[in-house]
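J.: Dropping a structure here in structure tokens format, bear with me for questions.
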Amino acid sequence: MNKRLSFSSIAIIVFVFFAWNCSYGQRYIGKPFKDSLRSGIQTIPGRLQCALYDLGGEGIAYHDSDSINQGSGKLNPADGTYLNEFRMKEGVDISYTKFKESPIDNNAYNLVMPPKDQLYIGWTSPGEWVKYTVSVKETGTYTVGILYTASQGGKISLSVNDIDKTGLVEMPSTYVKDEPIHWRQWHHWNYLKDFARMKLDKGIQIITLYTRETGQMNYAYIDFTLVK
């Protein structure tokens, strides 16, 4: 009898311990981005810089379809400069807007002119996502806008603490048929204003940006404006 009770007790303890650890393992362990030039949690109301997704790595702070950064250190050569090597060892693909005499991101086919040297996430594919730990300063409803390119259109969504807040958002195509340089279709910037309204509670929140359909979009920043 004592042996049976002992065995049952051990089984219960093992089960509870296993279940507790599984639950604990689901807790988010990513942390706000910081480096030698940038530190401090991003705040809302305000502008969320897309390239400043959380630290934590693949499967925690982001999911990317491959482990190579197609921008930093590859398209943009590893030459010791901050912008060219920004997060170059991580899987999320990052570049920045380049203003040249032979126009790239300062081209005449932009719908909106982006800031120079603006970091952005690019080479996106459906199923990829990035997470941001943010500090919401005031509970309320926020309108959301994004600076982006989408040569083939596409769809995104945003969640807060893993709860979908926007549903599928259609990204209007930035393709321009009169563009004489094919690769520059990926550099026609637009701003999608007030594409969603989201209720956010004051405090620390985790926002996730998902690429849902089509991909091949670039994301520069997302604005959160409190509705008064």
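Simple scheme: letters A, B, ... for chains in structure tokens order, numbers from 1 for residues in each chain, numbers from 1 for ligands in the order shown.
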Can you tell me which residues surround Tyr109 of chain A at a distance of at most 10 Å, considering only C-alpha atoms, apart from same-chain residues fewer than 6 positions away, and format the answer as a ChimeraX atom specification?
T.: /A:174-179,184-185,187-190
J.: If you run DSSP on this backbone, which residues of segment 12-222 of chain A come out as alpha helix (DSSP H), and could you give them as a ChimeraX atom specification?
T.: /A:12-25
J.: Could you write out the selected residues, including all heavy atoms, as a compact mmCIF listing (two decimals), in the first residue's frame?
T.:
# COMPACT_ATOMS: atom_id res chain seq x y z
N ILE A 12 2.29 12.01 -9.78
CA ILE A 12 1.60 13.30 -9.74
C ILE A 12 2.60 14.44 -9.75
O ILE A 12 2.46 15.42 -10.48
CB ILE A 12 0.68 13.39 -8.50
CG1 ILE A 12 -0.49 12.41 -8.67
CG2 ILE A 12 0.17 14.82 -8.31
CD1 ILE A 12 -1.34 12.25 -7.42
N ILE A 13 3.66 14.30 -8.94
CA ILE A 13 4.68 15.35 -8.87
C ILE A 13 5.34 15.55 -10.23
O ILE A 13 5.54 16.67 -10.68
CB ILE A 13 5.72 15.01 -7.79
CG1 ILE A 13 5.09 15.12 -6.41
CG2 ILE A 13 6.93 15.93 -7.90
CD1 ILE A 13 5.95 14.56 -5.30
N VAL A 14 5.68 14.43 -10.88
CA VAL A 14 6.31 14.51 -12.20
C VAL A 14 5.38 15.17 -13.20
O VAL A 14 5.80 16.04 -13.99
CB VAL A 14 6.72 13.11 -12.68
CG1 VAL A 14 7.14 13.15 -14.16
CG2 VAL A 14 7.86 12.56 -11.83
N PHE A 15 4.10 14.81 -13.17
CA PHE A 15 3.13 15.39 -14.11
C PHE A 15 2.99 16.89 -13.90
O PHE A 15 3.02 17.67 -14.84
CB PHE A 15 1.77 14.71 -13.95
CG PHE A 15 0.69 15.36 -14.77
CD1 PHE A 15 0.57 15.09 -16.13
CD2 PHE A 15 -0.20 16.27 -14.20
CE1 PHE A 15 -0.40 15.69 -16.89
CE2 PHE A 15 -1.18 16.87 -14.97
CZ PHE A 15 -1.28 16.58 -16.31
N VAL A 16 2.84 17.30 -12.62
CA VAL A 16 2.68 18.72 -12.31
C VAL A 16 3.93 19.49 -12.73
O VAL A 16 3.85 20.57 -13.31
CB VAL A 16 2.39 18.92 -10.81
CG1 VAL A 16 2.47 20.40 -10.44
CG2 VAL A 16 1.02 18.37 -10.47
N PHE A 17 5.11 18.93 -12.43
CA PHE A 17 6.37 19.60 -12.78
C PHE A 17 6.48 19.77 -14.29
O PHE A 17 6.86 20.82 -14.79
CB PHE A 17 7.55 18.79 -12.25
CG PHE A 17 8.88 19.39 -12.58
CD1 PHE A 17 9.39 20.44 -11.84
CD2 PHE A 17 9.64 18.91 -13.64
CE1 PHE A 17 10.62 21.01 -12.14
CE2 PHE A 17 10.86 19.47 -13.95
CZ PHE A 17 11.36 20.52 -13.20
N PHE A 18 6.13 18.70 -15.03
CA PHE A 18 6.20 18.75 -16.49
C PHE A 18 5.22 19.77 -17.06
O PHE A 18 5.57 20.58 -17.92
CB PHE A 18 5.90 17.36 -17.08
CG PHE A 18 5.91 17.32 -18.57
CD1 PHE A 18 7.10 17.29 -19.27
CD2 PHE A 18 4.72 17.33 -19.28
CE1 PHE A 18 7.12 17.27 -20.66
CE2 PHE A 18 4.73 17.30 -20.67
CZ PHE A 18 5.92 17.27 -21.35
N ALA A 19 3.98 19.76 -16.55
CA ALA A 19 2.97 20.70 -17.03
C ALA A 19 3.37 22.13 -16.71
O ALA A 19 3.23 23.03 -17.54
CB ALA A 19 1.61 20.37 -16.38
N TRP A 20 3.92 22.35 -15.52
CA TRP A 20 4.35 23.70 -15.11
C TRP A 20 5.46 24.20 -16.02
O TRP A 20 5.44 25.34 -16.47
CB TRP A 20 4.82 23.68 -13.67
CG TRP A 20 5.23 25.04 -13.16
CD1 TRP A 20 4.42 25.99 -12.63
CD2 TRP A 20 6.56 25.58 -13.14
NE1 TRP A 20 5.15 27.09 -12.28
CE2 TRP A 20 6.46 26.87 -12.57
CE3 TRP A 20 7.80 25.10 -13.52
CZ2 TRP A 20 7.58 27.68 -12.39
CZ3 TRP A 20 8.91 25.91 -13.35
CH2 TRP A 20 8.79 27.18 -12.79
N ASN A 21 6.41 23.33 -16.33
CA ASN A 21 7.51 23.73 -17.18
C ASN A 21 7.05 24.00 -18.60
O ASN A 21 7.56 24.90 -19.25
CB ASN A 21 8.60 22.66 -17.18
CG ASN A 21 9.61 22.90 -16.06
OD1 ASN A 21 10.47 23.74 -16.18
ND2 ASN A 21 9.45 22.18 -14.96
N CYS A 22 6.08 23.21 -19.09
CA CYS A 22 5.56 23.46 -20.43
C CYS A 22 4.89 24.83 -20.48
O CYS A 22 5.07 25.60 -21.42
CB CYS A 22 4.55 22.39 -20.83
SG CYS A 22 5.33 20.82 -21.26
N SER A 23 4.11 25.14 -19.44
CA SER A 23 3.46 26.43 -19.37
C SER A 23 4.48 27.55 -19.26
O SER A 23 4.41 28.57 -19.95
CB SER A 23 2.50 26.47 -18.18
OG SER A 23 1.94 27.75 -18.03
N TYR A 24 5.48 27.36 -18.41
CA TYR A 24 6.52 28.37 -18.21
C TYR A 24 7.29 28.60 -19.49
O TYR A 24 7.66 29.72 -19.82
CB TYR A 24 7.46 27.92 -17.10
CG TYR A 24 8.55 28.92 -16.78
CD1 TYR A 24 8.29 30.00 -15.96
CD2 TYR A 24 9.82 28.78 -17.33
CE1 TYR A 24 9.29 30.92 -15.67
CE2 TYR A 24 10.82 29.69 -17.05
CZ TYR A 24 10.55 30.76 -16.22
OH TYR A 24 11.53 31.67 -15.95
N GLY A 25 7.49 27.53 -20.25
CA GLY A 25 8.24 27.63 -21.49
C GLY A 25 7.54 28.48 -22.55
O GLY A 25 8.17 28.93 -23.49
J.: Please report the interatomic distance between atom CA of Lys165 of chain A and atom CA of Gly145 of chain A in Å with one decimal.
T.: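 If I compute the distance from atom CA of Lys165 of chain A to atom CA of Gly145 of chain A, I get 14.0 Å.
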J.: Ranking A:Asn110, A:Ser36, A:Thr124, A:Ser157 by minimum distance to Tyr219 of chain A and counting only C-alpha atoms, which one comes first?
T.: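 Of the candidates, the smallest distance to Tyr219 of chain A is held by A:Thr124.
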